[in-house]
$ cat entry_25.txt   # compact mmCIF, N, CA and C atoms
# COMPACT_ATOMS: atom_id res chain seq x y z
N MET A 1 93.27 109.27 21.28
CA MET A 1 92.74 109.68 22.54
C MET A 1 92.63 108.49 23.49
N THR A 2 92.34 107.31 22.97
CA THR A 2 92.27 106.13 23.83
C THR A 2 93.63 105.75 24.37
N VAL A 3 94.71 106.03 23.62
CA VAL A 3 96.05 105.75 24.10
C VAL A 3 96.37 106.67 25.27
N LYS A 4 96.01 107.96 25.16
CA LYS A 4 96.26 108.90 26.26
C LYS A 4 95.45 108.51 27.49
N PHE A 5 94.19 108.12 27.26
CA PHE A 5 93.32 107.73 28.36
C PHE A 5 93.87 106.48 29.05
N GLY A 6 94.33 105.52 28.27
CA GLY A 6 94.90 104.29 28.81
C GLY A 6 96.17 104.57 29.59
N ALA A 7 97.03 105.47 29.07
CA ALA A 7 98.26 105.82 29.76
C ALA A 7 97.95 106.54 31.06
N MET A 8 96.95 107.41 31.03
CA MET A 8 96.56 108.13 32.24
C MET A 8 95.99 107.16 33.27
N LEU A 9 95.19 106.22 32.83
CA LEU A 9 94.61 105.23 33.72
C LEU A 9 95.70 104.37 34.35
N ALA A 10 96.69 103.98 33.57
CA ALA A 10 97.81 103.20 34.08
C ALA A 10 98.61 104.01 35.09
N GLY A 11 98.79 105.30 34.83
CA GLY A 11 99.50 106.17 35.75
C GLY A 11 98.78 106.31 37.07
N VAL A 12 97.46 106.47 37.02
CA VAL A 12 96.66 106.59 38.25
C VAL A 12 96.71 105.27 39.02
N ALA A 13 96.60 104.16 38.32
CA ALA A 13 96.65 102.86 38.99
C ALA A 13 98.00 102.65 39.66
N THR A 14 99.08 103.05 39.02
CA THR A 14 100.42 102.92 39.59
C THR A 14 100.55 103.81 40.83
N ALA A 15 100.04 105.04 40.74
CA ALA A 15 100.11 105.95 41.90
C ALA A 15 99.32 105.39 43.08
N LEU A 16 98.14 104.84 42.82
CA LEU A 16 97.34 104.25 43.90
C LEU A 16 98.06 103.06 44.51
N PHE A 17 98.67 102.23 43.68
CA PHE A 17 99.39 101.06 44.17
C PHE A 17 100.55 101.48 45.06
N ILE A 18 101.31 102.47 44.60
CA ILE A 18 102.47 102.95 45.38
C ILE A 18 102.02 103.56 46.69
N SER A 19 100.95 104.36 46.67
CA SER A 19 100.49 104.99 47.91
C SER A 19 99.92 103.96 48.87
N ALA A 20 99.29 102.92 48.34
CA ALA A 20 98.76 101.87 49.21
C ALA A 20 99.89 101.11 49.89
N CYS A 21 100.97 100.88 49.17
CA CYS A 21 102.12 100.18 49.75
C CYS A 21 102.79 101.02 50.82
N SER A 22 102.87 102.32 50.58
CA SER A 22 103.57 103.18 51.53
C SER A 22 102.76 103.46 52.78
N SER A 23 101.45 103.25 52.73
CA SER A 23 100.64 103.54 53.91
C SER A 23 100.31 102.29 54.72
N ALA A 24 100.99 101.20 54.41
CA ALA A 24 100.77 99.98 55.18
C ALA A 24 101.18 100.23 56.62
N PRO A 25 100.40 99.75 57.60
CA PRO A 25 100.74 99.99 59.00
C PRO A 25 102.06 99.30 59.36
N GLU A 26 102.82 100.00 60.21
CA GLU A 26 104.08 99.44 60.66
C GLU A 26 103.79 98.31 61.63
N GLN A 27 104.60 97.30 61.58
CA GLN A 27 104.42 96.19 62.50
C GLN A 27 104.99 96.58 63.85
N GLU A 28 104.27 96.21 64.90
CA GLU A 28 104.73 96.52 66.25
C GLU A 28 105.90 95.61 66.61
N SER A 29 106.76 96.14 67.44
CA SER A 29 107.89 95.36 67.91
C SER A 29 107.39 94.27 68.83
N THR A 30 107.91 93.08 68.65
CA THR A 30 107.51 91.98 69.51
C THR A 30 108.52 91.75 70.64
N ALA A 31 109.49 92.64 70.72
CA ALA A 31 110.49 92.51 71.78
C ALA A 31 109.83 92.76 73.14
N ALA A 32 110.17 91.97 74.10
CA ALA A 32 109.62 92.13 75.44
C ALA A 32 110.21 93.38 76.08
N PRO A 33 109.41 94.11 76.90
CA PRO A 33 109.96 95.28 77.58
C PRO A 33 111.06 94.85 78.53
N GLU A 34 112.00 95.77 78.74
CA GLU A 34 113.11 95.47 79.63
C GLU A 34 112.58 95.26 81.05
N SER A 35 113.13 94.30 81.71
CA SER A 35 112.74 94.01 83.08
C SER A 35 113.45 94.98 84.02
N VAL A 36 112.71 95.55 84.94
CA VAL A 36 113.27 96.48 85.91
C VAL A 36 113.48 95.73 87.22
N SER A 37 114.61 95.94 87.84
CA SER A 37 114.87 95.35 89.14
C SER A 37 115.58 96.39 90.00
N LEU A 38 114.80 97.02 90.88
CA LEU A 38 115.34 98.05 91.76
C LEU A 38 115.81 97.42 93.06
N SER A 39 116.81 98.03 93.64
CA SER A 39 117.27 97.59 94.95
C SER A 39 117.79 98.80 95.72
N GLY A 40 118.00 98.62 96.98
CA GLY A 40 118.50 99.69 97.82
C GLY A 40 117.62 99.90 99.03
N PRO A 41 118.05 100.78 99.93
CA PRO A 41 117.33 100.97 101.19
C PRO A 41 115.95 101.60 101.04
N ILE A 42 115.66 102.22 99.91
CA ILE A 42 114.36 102.85 99.71
C ILE A 42 113.32 101.86 99.17
N VAL A 43 113.79 100.72 98.63
CA VAL A 43 112.93 99.74 97.97
C VAL A 43 112.42 98.70 98.98
N ASP A 44 111.20 98.24 98.75
CA ASP A 44 110.56 97.21 99.60
C ASP A 44 110.46 97.64 101.06
N GLN A 45 110.24 98.91 101.27
CA GLN A 45 110.10 99.47 102.61
C GLN A 45 108.90 100.42 102.60
N ARG A 46 108.06 100.32 103.60
CA ARG A 46 106.95 101.27 103.72
C ARG A 46 107.48 102.55 104.36
N TRP A 47 107.12 103.69 103.75
CA TRP A 47 107.52 105.00 104.25
C TRP A 47 106.27 105.79 104.61
N ASN A 48 106.17 106.22 105.89
CA ASN A 48 105.06 107.02 106.37
C ASN A 48 105.44 108.50 106.36
N LEU A 49 104.51 109.35 105.97
CA LEU A 49 104.77 110.79 105.93
C LEU A 49 105.09 111.32 107.32
N LEU A 50 106.13 112.12 107.38
CA LEU A 50 106.52 112.77 108.62
C LEU A 50 106.20 114.27 108.53
N LEU A 51 106.73 114.93 107.50
CA LEU A 51 106.54 116.37 107.33
C LEU A 51 106.37 116.74 105.86
N VAL A 52 105.63 117.80 105.62
CA VAL A 52 105.59 118.43 104.30
C VAL A 52 106.47 119.67 104.42
N GLY A 53 107.32 119.88 103.45
CA GLY A 53 108.29 120.97 103.58
C GLY A 53 109.29 120.61 104.66
N THR A 54 109.72 121.60 105.42
CA THR A 54 110.70 121.34 106.46
C THR A 54 110.08 121.15 107.85
N ASP A 55 108.83 121.61 108.03
CA ASP A 55 108.27 121.53 109.38
C ASP A 55 106.75 121.47 109.46
N GLU A 56 106.06 121.27 108.35
CA GLU A 56 104.59 121.30 108.37
C GLU A 56 104.00 119.90 108.50
N ARG A 57 103.16 119.74 109.47
CA ARG A 57 102.42 118.49 109.62
C ARG A 57 101.06 118.66 108.95
N VAL A 58 100.55 117.56 108.41
CA VAL A 58 99.24 117.62 107.75
C VAL A 58 98.22 116.87 108.58
N SER A 59 96.97 117.27 108.42
CA SER A 59 95.88 116.63 109.15
C SER A 59 95.01 115.88 108.15
N LEU A 60 95.16 114.55 108.14
CA LEU A 60 94.42 113.70 107.20
C LEU A 60 93.81 112.53 107.94
N PRO A 61 92.75 111.93 107.38
CA PRO A 61 92.10 110.80 108.04
C PRO A 61 93.04 109.63 108.30
N ASP A 62 93.96 109.35 107.37
CA ASP A 62 94.93 108.26 107.51
C ASP A 62 96.34 108.81 107.28
N THR A 63 97.32 108.08 107.76
CA THR A 63 98.71 108.48 107.56
C THR A 63 99.11 108.23 106.11
N PRO A 64 99.56 109.26 105.40
CA PRO A 64 100.07 109.04 104.04
C PRO A 64 101.30 108.13 104.06
N PHE A 65 101.40 107.27 103.07
CA PHE A 65 102.54 106.37 102.97
C PHE A 65 102.76 105.98 101.52
N PHE A 66 103.92 105.40 101.25
CA PHE A 66 104.17 104.78 99.94
C PHE A 66 105.16 103.65 100.12
N GLN A 67 105.18 102.78 99.12
CA GLN A 67 106.13 101.68 99.08
C GLN A 67 106.55 101.45 97.64
N ILE A 68 107.85 101.32 97.42
CA ILE A 68 108.41 101.09 96.09
C ILE A 68 108.74 99.60 95.96
N GLY A 69 108.25 98.98 94.88
CA GLY A 69 108.55 97.57 94.63
C GLY A 69 109.80 97.40 93.78
N ARG A 70 110.37 96.23 93.81
CA ARG A 70 111.57 95.93 93.01
C ARG A 70 111.31 96.05 91.52
N ASP A 71 110.04 95.93 91.13
CA ASP A 71 109.68 96.01 89.71
C ASP A 71 109.50 97.44 89.21
N GLY A 72 109.79 98.43 90.06
CA GLY A 72 109.67 99.83 89.65
C GLY A 72 108.29 100.41 89.86
N SER A 73 107.43 99.68 90.54
CA SER A 73 106.09 100.20 90.84
C SER A 73 106.11 100.92 92.19
N VAL A 74 105.16 101.81 92.35
CA VAL A 74 104.97 102.48 93.63
C VAL A 74 103.48 102.44 93.94
N SER A 75 103.16 102.25 95.21
CA SER A 75 101.76 102.29 95.65
C SER A 75 101.72 102.90 97.03
N GLY A 76 100.57 103.43 97.37
CA GLY A 76 100.45 104.03 98.69
C GLY A 76 99.15 104.79 98.83
N SER A 77 99.17 105.74 99.77
CA SER A 77 98.01 106.55 100.06
C SER A 77 98.47 107.98 100.36
N ASP A 78 97.68 108.95 99.90
CA ASP A 78 97.98 110.35 100.21
C ASP A 78 97.29 110.79 101.50
N GLY A 79 96.76 109.82 102.24
CA GLY A 79 96.03 110.10 103.47
C GLY A 79 94.53 110.08 103.25
N CYS A 80 94.12 110.08 102.01
CA CYS A 80 92.71 110.06 101.64
C CYS A 80 92.48 109.05 100.53
N ASN A 81 93.24 109.17 99.45
CA ASN A 81 93.09 108.32 98.27
C ASN A 81 94.29 107.40 98.09
N ARG A 82 94.03 106.21 97.59
CA ARG A 82 95.10 105.27 97.24
C ARG A 82 95.67 105.67 95.89
N PHE A 83 96.96 105.42 95.68
CA PHE A 83 97.58 105.72 94.39
C PHE A 83 98.53 104.60 93.98
N THR A 84 98.78 104.54 92.69
CA THR A 84 99.76 103.63 92.12
C THR A 84 100.51 104.38 91.02
N GLY A 85 101.62 103.85 90.63
CA GLY A 85 102.40 104.46 89.55
C GLY A 85 103.72 103.76 89.38
N ASN A 86 104.65 104.47 88.79
CA ASN A 86 105.99 103.94 88.53
C ASN A 86 107.02 104.86 89.16
N VAL A 87 108.18 104.30 89.41
CA VAL A 87 109.28 105.10 89.94
C VAL A 87 110.57 104.66 89.26
N ASN A 88 111.42 105.63 89.03
CA ASN A 88 112.73 105.37 88.45
C ASN A 88 113.78 105.90 89.41
N LEU A 89 114.72 105.07 89.77
CA LEU A 89 115.82 105.47 90.65
C LEU A 89 117.09 105.56 89.82
N GLY A 90 117.80 106.67 89.95
CA GLY A 90 119.01 106.87 89.17
C GLY A 90 120.23 107.10 90.04
N GLU A 91 121.31 107.46 89.40
CA GLU A 91 122.55 107.73 90.11
C GLU A 91 122.41 108.99 90.96
N ASN A 92 123.24 109.09 91.97
CA ASN A 92 123.27 110.26 92.86
C ASN A 92 121.93 110.51 93.54
N GLN A 93 121.28 109.45 93.97
CA GLN A 93 119.99 109.52 94.68
C GLN A 93 118.90 110.22 93.86
N ARG A 94 118.95 110.07 92.57
CA ARG A 94 117.93 110.64 91.70
C ARG A 94 116.68 109.78 91.78
N ILE A 95 115.50 110.42 91.85
CA ILE A 95 114.22 109.70 91.90
C ILE A 95 113.21 110.42 91.03
N GLU A 96 112.38 109.65 90.35
CA GLU A 96 111.34 110.24 89.52
C GLU A 96 110.11 109.34 89.56
N PHE A 97 109.01 109.90 90.06
CA PHE A 97 107.73 109.20 90.06
C PHE A 97 107.01 109.56 88.76
N SER A 98 106.33 108.58 88.17
CA SER A 98 105.61 108.85 86.93
C SER A 98 104.33 108.03 86.88
N GLN A 99 103.45 108.44 86.02
CA GLN A 99 102.17 107.77 85.77
C GLN A 99 101.40 107.49 87.06
N LEU A 100 101.40 108.49 87.96
CA LEU A 100 100.65 108.33 89.21
C LEU A 100 99.17 108.44 88.93
N ALA A 101 98.42 107.49 89.41
CA ALA A 101 96.96 107.48 89.28
C ALA A 101 96.39 107.20 90.66
N SER A 102 95.27 107.84 90.96
CA SER A 102 94.70 107.64 92.29
C SER A 102 93.18 107.53 92.22
N THR A 103 92.64 107.02 93.33
CA THR A 103 91.20 107.02 93.49
C THR A 103 90.76 108.47 93.68
N ARG A 104 89.49 108.74 93.62
CA ARG A 104 88.99 110.13 93.71
C ARG A 104 87.92 110.28 94.79
N MET A 105 88.24 109.85 95.98
CA MET A 105 87.29 109.99 97.08
C MET A 105 87.34 111.42 97.61
N ALA A 106 86.19 111.91 98.00
CA ALA A 106 86.12 113.24 98.61
C ALA A 106 86.42 113.09 100.10
N CYS A 107 87.39 113.81 100.56
CA CYS A 107 87.79 113.73 101.96
C CYS A 107 87.97 115.14 102.51
N PRO A 108 87.86 115.29 103.83
CA PRO A 108 88.21 116.59 104.40
C PRO A 108 89.71 116.82 104.18
N ASN A 109 90.10 118.05 104.10
CA ASN A 109 91.51 118.42 103.92
C ASN A 109 92.12 117.89 102.62
N MET A 110 91.36 118.01 101.54
CA MET A 110 91.88 117.57 100.23
C MET A 110 93.14 118.35 99.84
N GLU A 111 93.28 119.58 100.35
CA GLU A 111 94.47 120.38 100.04
C GLU A 111 95.73 119.69 100.58
N ASP A 112 95.63 119.13 101.79
CA ASP A 112 96.78 118.44 102.37
C ASP A 112 97.10 117.16 101.59
N ALA A 113 96.08 116.43 101.17
CA ALA A 113 96.30 115.21 100.37
C ALA A 113 96.98 115.57 99.06
N LYS A 114 96.57 116.68 98.45
CA LYS A 114 97.18 117.12 97.20
C LYS A 114 98.64 117.51 97.42
N ARG A 115 98.95 118.07 98.55
CA ARG A 115 100.34 118.45 98.85
C ARG A 115 101.23 117.20 98.92
N VAL A 116 100.67 116.11 99.40
CA VAL A 116 101.43 114.86 99.47
C VAL A 116 101.72 114.34 98.06
N THR A 117 100.71 114.28 97.20
CA THR A 117 100.94 113.78 95.84
C THR A 117 101.79 114.76 95.03
N ASP A 118 101.64 116.06 95.29
CA ASP A 118 102.51 117.04 94.61
C ASP A 118 103.98 116.81 94.99
N MET A 119 104.21 116.43 96.24
CA MET A 119 105.58 116.16 96.68
C MET A 119 106.18 115.02 95.85
N LEU A 120 105.40 113.98 95.64
CA LEU A 120 105.89 112.86 94.84
C LEU A 120 106.10 113.28 93.38
N ASP A 121 105.16 114.05 92.85
CA ASP A 121 105.27 114.49 91.45
C ASP A 121 106.51 115.33 91.19
N THR A 122 106.94 116.12 92.18
CA THR A 122 108.06 117.03 91.96
C THR A 122 109.38 116.54 92.58
N ALA A 123 109.35 115.37 93.23
CA ALA A 123 110.58 114.84 93.84
C ALA A 123 111.63 114.64 92.76
N TYR A 124 112.86 115.05 93.07
CA TYR A 124 113.96 114.97 92.12
C TYR A 124 115.13 114.16 92.69
N ARG A 125 115.41 114.37 93.96
CA ARG A 125 116.48 113.62 94.64
C ARG A 125 115.97 113.21 96.03
N PHE A 126 116.65 112.23 96.60
CA PHE A 126 116.31 111.80 97.96
C PHE A 126 117.57 111.62 98.78
N LEU A 127 117.39 111.66 100.09
CA LEU A 127 118.47 111.43 101.03
C LEU A 127 117.91 110.57 102.15
N ILE A 128 118.66 109.54 102.52
CA ILE A 128 118.26 108.69 103.64
C ILE A 128 119.20 108.96 104.80
N ASP A 129 118.62 109.24 105.97
CA ASP A 129 119.38 109.45 107.19
C ASP A 129 118.75 108.57 108.26
N HIS A 130 119.39 107.45 108.55
CA HIS A 130 118.88 106.44 109.49
C HIS A 130 117.52 105.96 109.03
N ASP A 131 116.47 106.29 109.77
CA ASP A 131 115.13 105.83 109.41
C ASP A 131 114.30 106.93 108.73
N ARG A 132 114.95 107.97 108.26
CA ARG A 132 114.26 109.10 107.62
C ARG A 132 114.61 109.18 106.15
N LEU A 133 113.64 109.57 105.36
CA LEU A 133 113.82 109.76 103.92
C LEU A 133 113.36 111.17 103.60
N VAL A 134 114.20 111.95 102.95
CA VAL A 134 113.87 113.33 102.61
C VAL A 134 113.87 113.47 101.10
N PHE A 135 112.83 114.12 100.56
CA PHE A 135 112.75 114.42 99.12
C PHE A 135 113.13 115.87 98.88
N PHE A 136 113.88 116.08 97.80
CA PHE A 136 114.27 117.41 97.37
C PHE A 136 113.74 117.66 95.97
N GLY A 137 113.39 118.91 95.68
CA GLY A 137 112.95 119.28 94.35
C GLY A 137 114.15 119.54 93.44
N PRO A 138 113.91 119.84 92.16
CA PRO A 138 115.00 120.13 91.23
C PRO A 138 115.83 121.34 91.65
N ASP A 139 115.23 122.22 92.45
CA ASP A 139 115.94 123.42 92.92
C ASP A 139 116.62 123.19 94.27
N SER A 140 116.71 121.94 94.70
CA SER A 140 117.33 121.52 95.97
C SER A 140 116.53 121.92 97.20
N ARG A 141 115.30 122.39 97.02
CA ARG A 141 114.43 122.74 98.13
C ARG A 141 113.86 121.47 98.76
N VAL A 142 113.79 121.43 100.09
CA VAL A 142 113.22 120.28 100.78
C VAL A 142 111.71 120.24 100.51
N LEU A 143 111.25 119.10 100.00
CA LEU A 143 109.82 118.94 99.72
C LEU A 143 109.09 118.30 100.89
N GLY A 144 109.78 117.43 101.61
CA GLY A 144 109.14 116.77 102.74
C GLY A 144 109.94 115.59 103.23
N GLY A 145 109.48 115.04 104.34
CA GLY A 145 110.19 113.93 104.96
C GLY A 145 109.26 112.76 105.27
N TRP A 146 109.84 111.58 105.24
CA TRP A 146 109.12 110.34 105.50
C TRP A 146 109.90 109.55 106.54
N ARG A 147 109.20 108.69 107.27
CA ARG A 147 109.85 107.85 108.28
C ARG A 147 109.59 106.39 107.93
N GLU A 148 110.63 105.60 108.10
CA GLU A 148 110.53 104.16 107.86
C GLU A 148 109.50 103.57 108.82
N ALA A 149 108.55 102.83 108.28
CA ALA A 149 107.54 102.20 109.12
C ALA A 149 108.08 100.89 109.69
N ASN A 150 107.74 100.60 110.91
CA ASN A 150 108.23 99.36 111.54
C ASN A 150 107.37 98.20 111.19
$ encode --input "entry_25.txt" --output "structure tokens"
Amino acid sequence: MTVKFGAMLAGVATALFISACSSAPEQESTAAPESVSLSGPIVDQRWNLLLVGTDERVSLPDTPFFQIGRDGSVSGSDGCNRFTGNVNLGENQRIEFSQLASTRMACPNMEDAKRVTDMLDTAYRFLIDHDRLVFFGPDSRVLGGWREAN
């Protein structure tokens, strides 16, 4: 009986050892994240809101705007709250805003401010015509227009 008990104890110890080895935490990658460098007429330019949709003007305390940095960051204001986030520019005027975060001040016309940030959240493509920038949704619907700030 002591031989069986010893064999069982050795088996349990081996199982614990194997499970401990397999549950060791994975080491994190030490590789540096890829550096982003954006360029083009939409980058390093302040864009002020012109229209929501094809013809709607919004009434906000301040003019909504945004600016895209060469490092892929975006910052601006929805007319009430400041926001920051990331942007990815792709082929065929593809644009995607992500990880947008904003302050949470209570302002009059919060619905209009939300429409501005919703436009950025759903932007899929852009078109530049002289000093105008137009965002389109995935369904090719016009989301709104911006004007290059002087």
$ atom_distance --input "entry_25.txt" --atom1 "CA of Val134 (chain A)" --atom2 "CA of Asn81 (chain A)"
21.8 Å
$ residues_around --input "entry_25.txt" --residues "region 111-119 of chain A" --least-positions-apart "2" --cutoff "6.5 Å" --atoms "only N, CA and C atoms" --output "list in words"
Val58, Ser59, Asp78, Gly79, Cys80, Pro108, Asn109, Asp121, Thr122, Ala123 and Leu143 of chain A
$ residues_around --input "entry_25.txt" --residues "region 93-107 of chain A" --least-positions-apart "3" --cutoff "5 Å" --atoms "only N, CA and C atoms" --output "ChimeraX atom specification"
/A:82-90,110,123-126
$ atom_distance --input "entry_25.txt" --atom1 "CA of Ser75 (chain A)" --atom2 "CA of Leu49 (chain A)"
13.7 Å
$ atom_distance --input "entry_25.txt" --atom1 "atom C of Leu60 (chain A)" --atom2 "CA of Ser73 (chain A)"
24.4 Å
$ closest_residue --input "entry_25.txt" --among "A:Arg57, A:Ile42, A:Leu50, A:Val36" --to "Trp146 (chain A)" --atoms "only C-alpha atoms"
A:Leu50
$ closest_residue --input "entry_25.txt" --among "A:Ser37, A:Gln67, A:Asn92, A:Asn48" --to "Asn150 (chain A)" --atoms "all atoms listed in the file"
A:Asn48
$ residues_around --input "entry_25.txt" --residues "Asp44 (chain A)" --least-positions-apart "3" --cutoff "7 Å" --atoms "all atoms listed in the file" --output "ChimeraX atom specification"
/A:40-41,67-70
$ select_by_dssp --input "entry_25.txt" --residues "region 16-135 of chain A" --states "strand (DSSP E or B)" --output "compact mmCIF listing (two decimals) with N, CA and C atoms, in the frame of the given file"
# COMPACT_ATOMS: atom_id res chain seq x y z
N VAL A 43 113.79 100.72 98.63
CA VAL A 43 112.93 99.74 97.97
C VAL A 43 112.42 98.70 98.98
N ARG A 46 108.06 100.32 103.60
CA ARG A 46 106.95 101.27 103.72
C ARG A 46 107.48 102.55 104.36
N TRP A 47 107.12 103.69 103.75
CA TRP A 47 107.52 105.00 104.25
C TRP A 47 106.27 105.79 104.61
N ASN A 48 106.17 106.22 105.89
CA ASN A 48 105.06 107.02 106.37
C ASN A 48 105.44 108.50 106.36
N LEU A 49 104.51 109.35 105.97
CA LEU A 49 104.77 110.79 105.93
C LEU A 49 105.09 111.32 107.32
N LEU A 50 106.13 112.12 107.38
CA LEU A 50 106.52 112.77 108.62
C LEU A 50 106.20 114.27 108.53
N LEU A 51 106.73 114.93 107.50
CA LEU A 51 106.54 116.37 107.33
C LEU A 51 106.37 116.74 105.86
N VAL A 52 105.63 117.80 105.62
CA VAL A 52 105.59 118.43 104.30
C VAL A 52 106.47 119.67 104.42
N GLU A 56 106.06 121.27 108.35
CA GLU A 56 104.59 121.30 108.37
C GLU A 56 104.00 119.90 108.50
N PHE A 65 101.40 107.27 103.07
CA PHE A 65 102.54 106.37 102.97
C PHE A 65 102.76 105.98 101.52
N PHE A 66 103.92 105.40 101.25
CA PHE A 66 104.17 104.78 99.94
C PHE A 66 105.16 103.65 100.12
N GLN A 67 105.18 102.78 99.12
CA GLN A 67 106.13 101.68 99.08
C GLN A 67 106.55 101.45 97.64
N ILE A 68 107.85 101.32 97.42
CA ILE A 68 108.41 101.09 96.09
C ILE A 68 108.74 99.60 95.96
N SER A 73 107.43 99.68 90.54
CA SER A 73 106.09 100.20 90.84
C SER A 73 106.11 100.92 92.19
N VAL A 74 105.16 101.81 92.35
CA VAL A 74 104.97 102.48 93.63
C VAL A 74 103.48 102.44 93.94
N SER A 75 103.16 102.25 95.21
CA SER A 75 101.76 102.29 95.65
C SER A 75 101.72 102.90 97.03
N GLY A 76 100.57 103.43 97.37
CA GLY A 76 100.45 104.03 98.69
C GLY A 76 99.15 104.79 98.83
N SER A 77 99.17 105.74 99.77
CA SER A 77 98.01 106.55 100.06
C SER A 77 98.47 107.98 100.36
N ARG A 82 94.03 106.21 97.59
CA ARG A 82 95.10 105.27 97.24
C ARG A 82 95.67 105.67 95.89
N PHE A 83 96.96 105.42 95.68
CA PHE A 83 97.58 105.72 94.39
C PHE A 83 98.53 104.60 93.98
N THR A 84 98.78 104.54 92.69
CA THR A 84 99.76 103.63 92.12
C THR A 84 100.51 104.38 91.02
N GLY A 85 101.62 103.85 90.63
CA GLY A 85 102.40 104.46 89.55
C GLY A 85 103.72 103.76 89.38
N ASN A 86 104.65 104.47 88.79
CA ASN A 86 105.99 103.94 88.53
C ASN A 86 107.02 104.86 89.16
N VAL A 87 108.18 104.30 89.41
CA VAL A 87 109.28 105.10 89.94
C VAL A 87 110.57 104.66 89.26
N ASN A 88 111.42 105.63 89.03
CA ASN A 88 112.73 105.37 88.45
C ASN A 88 113.78 105.90 89.41
N LEU A 89 114.72 105.07 89.77
CA LEU A 89 115.82 105.47 90.65
C LEU A 89 117.09 105.56 89.82
N GLY A 90 117.80 106.67 89.95
CA GLY A 90 119.01 106.87 89.17
C GLY A 90 120.23 107.10 90.04
N ARG A 94 118.95 110.07 92.57
CA ARG A 94 117.93 110.64 91.70
C ARG A 94 116.68 109.78 91.78
N ILE A 95 115.50 110.42 91.85
CA ILE A 95 114.22 109.70 91.90
C ILE A 95 113.21 110.42 91.03
N GLU A 96 112.38 109.65 90.35
CA GLU A 96 111.34 110.24 89.52
C GLU A 96 110.11 109.34 89.56
N PHE A 97 109.01 109.90 90.06
CA PHE A 97 107.73 109.20 90.06
C PHE A 97 107.01 109.56 88.76
N SER A 98 106.33 108.58 88.17
CA SER A 98 105.61 108.85 86.93
C SER A 98 104.33 108.03 86.88
N GLN A 99 103.45 108.44 86.02
CA GLN A 99 102.17 107.77 85.77
C GLN A 99 101.40 107.49 87.06
N LEU A 100 101.40 108.49 87.96
CA LEU A 100 100.65 108.33 89.21
C LEU A 100 99.17 108.44 88.93
N ALA A 101 98.42 107.49 89.41
CA ALA A 101 96.96 107.48 89.28
C ALA A 101 96.39 107.20 90.66
N SER A 102 95.27 107.84 90.96
CA SER A 102 94.70 107.64 92.29
C SER A 102 93.18 107.53 92.22
N ARG A 125 115.41 114.37 93.96
CA ARG A 125 116.48 113.62 94.64
C ARG A 125 115.97 113.21 96.03
N PHE A 126 116.65 112.23 96.60
CA PHE A 126 116.31 111.80 97.96
C PHE A 126 117.57 111.62 98.78
N LEU A 127 117.39 111.66 100.09
CA LEU A 127 118.47 111.43 101.03
C LEU A 127 117.91 110.57 102.15
N ILE A 128 118.66 109.54 102.52
CA ILE A 128 118.26 108.69 103.64
C ILE A 128 119.20 108.96 104.80
N ASP A 129 118.62 109.24 105.97
CA ASP A 129 119.38 109.45 107.19
C ASP A 129 118.75 108.57 108.26
N ARG A 132 114.95 107.97 108.26
CA ARG A 132 114.26 109.10 107.62
C ARG A 132 114.61 109.18 106.15
N LEU A 133 113.64 109.57 105.36
CA LEU A 133 113.82 109.76 103.92
C LEU A 133 113.36 111.17 103.60
N VAL A 134 114.20 111.95 102.95
CA VAL A 134 113.87 113.33 102.61
C VAL A 134 113.87 113.47 101.10
N PHE A 135 112.83 114.12 100.56
CA PHE A 135 112.75 114.42 99.12
C PHE A 135 113.13 115.87 98.88
$ residues_around --input "entry_25.txt" --residues "region 129-133 of chain A" --least-positions-apart "5" --cutoff "8 Å" --atoms "only N, CA and C atoms" --output "PyMOL selection string"
chain A and resi 47+144-149
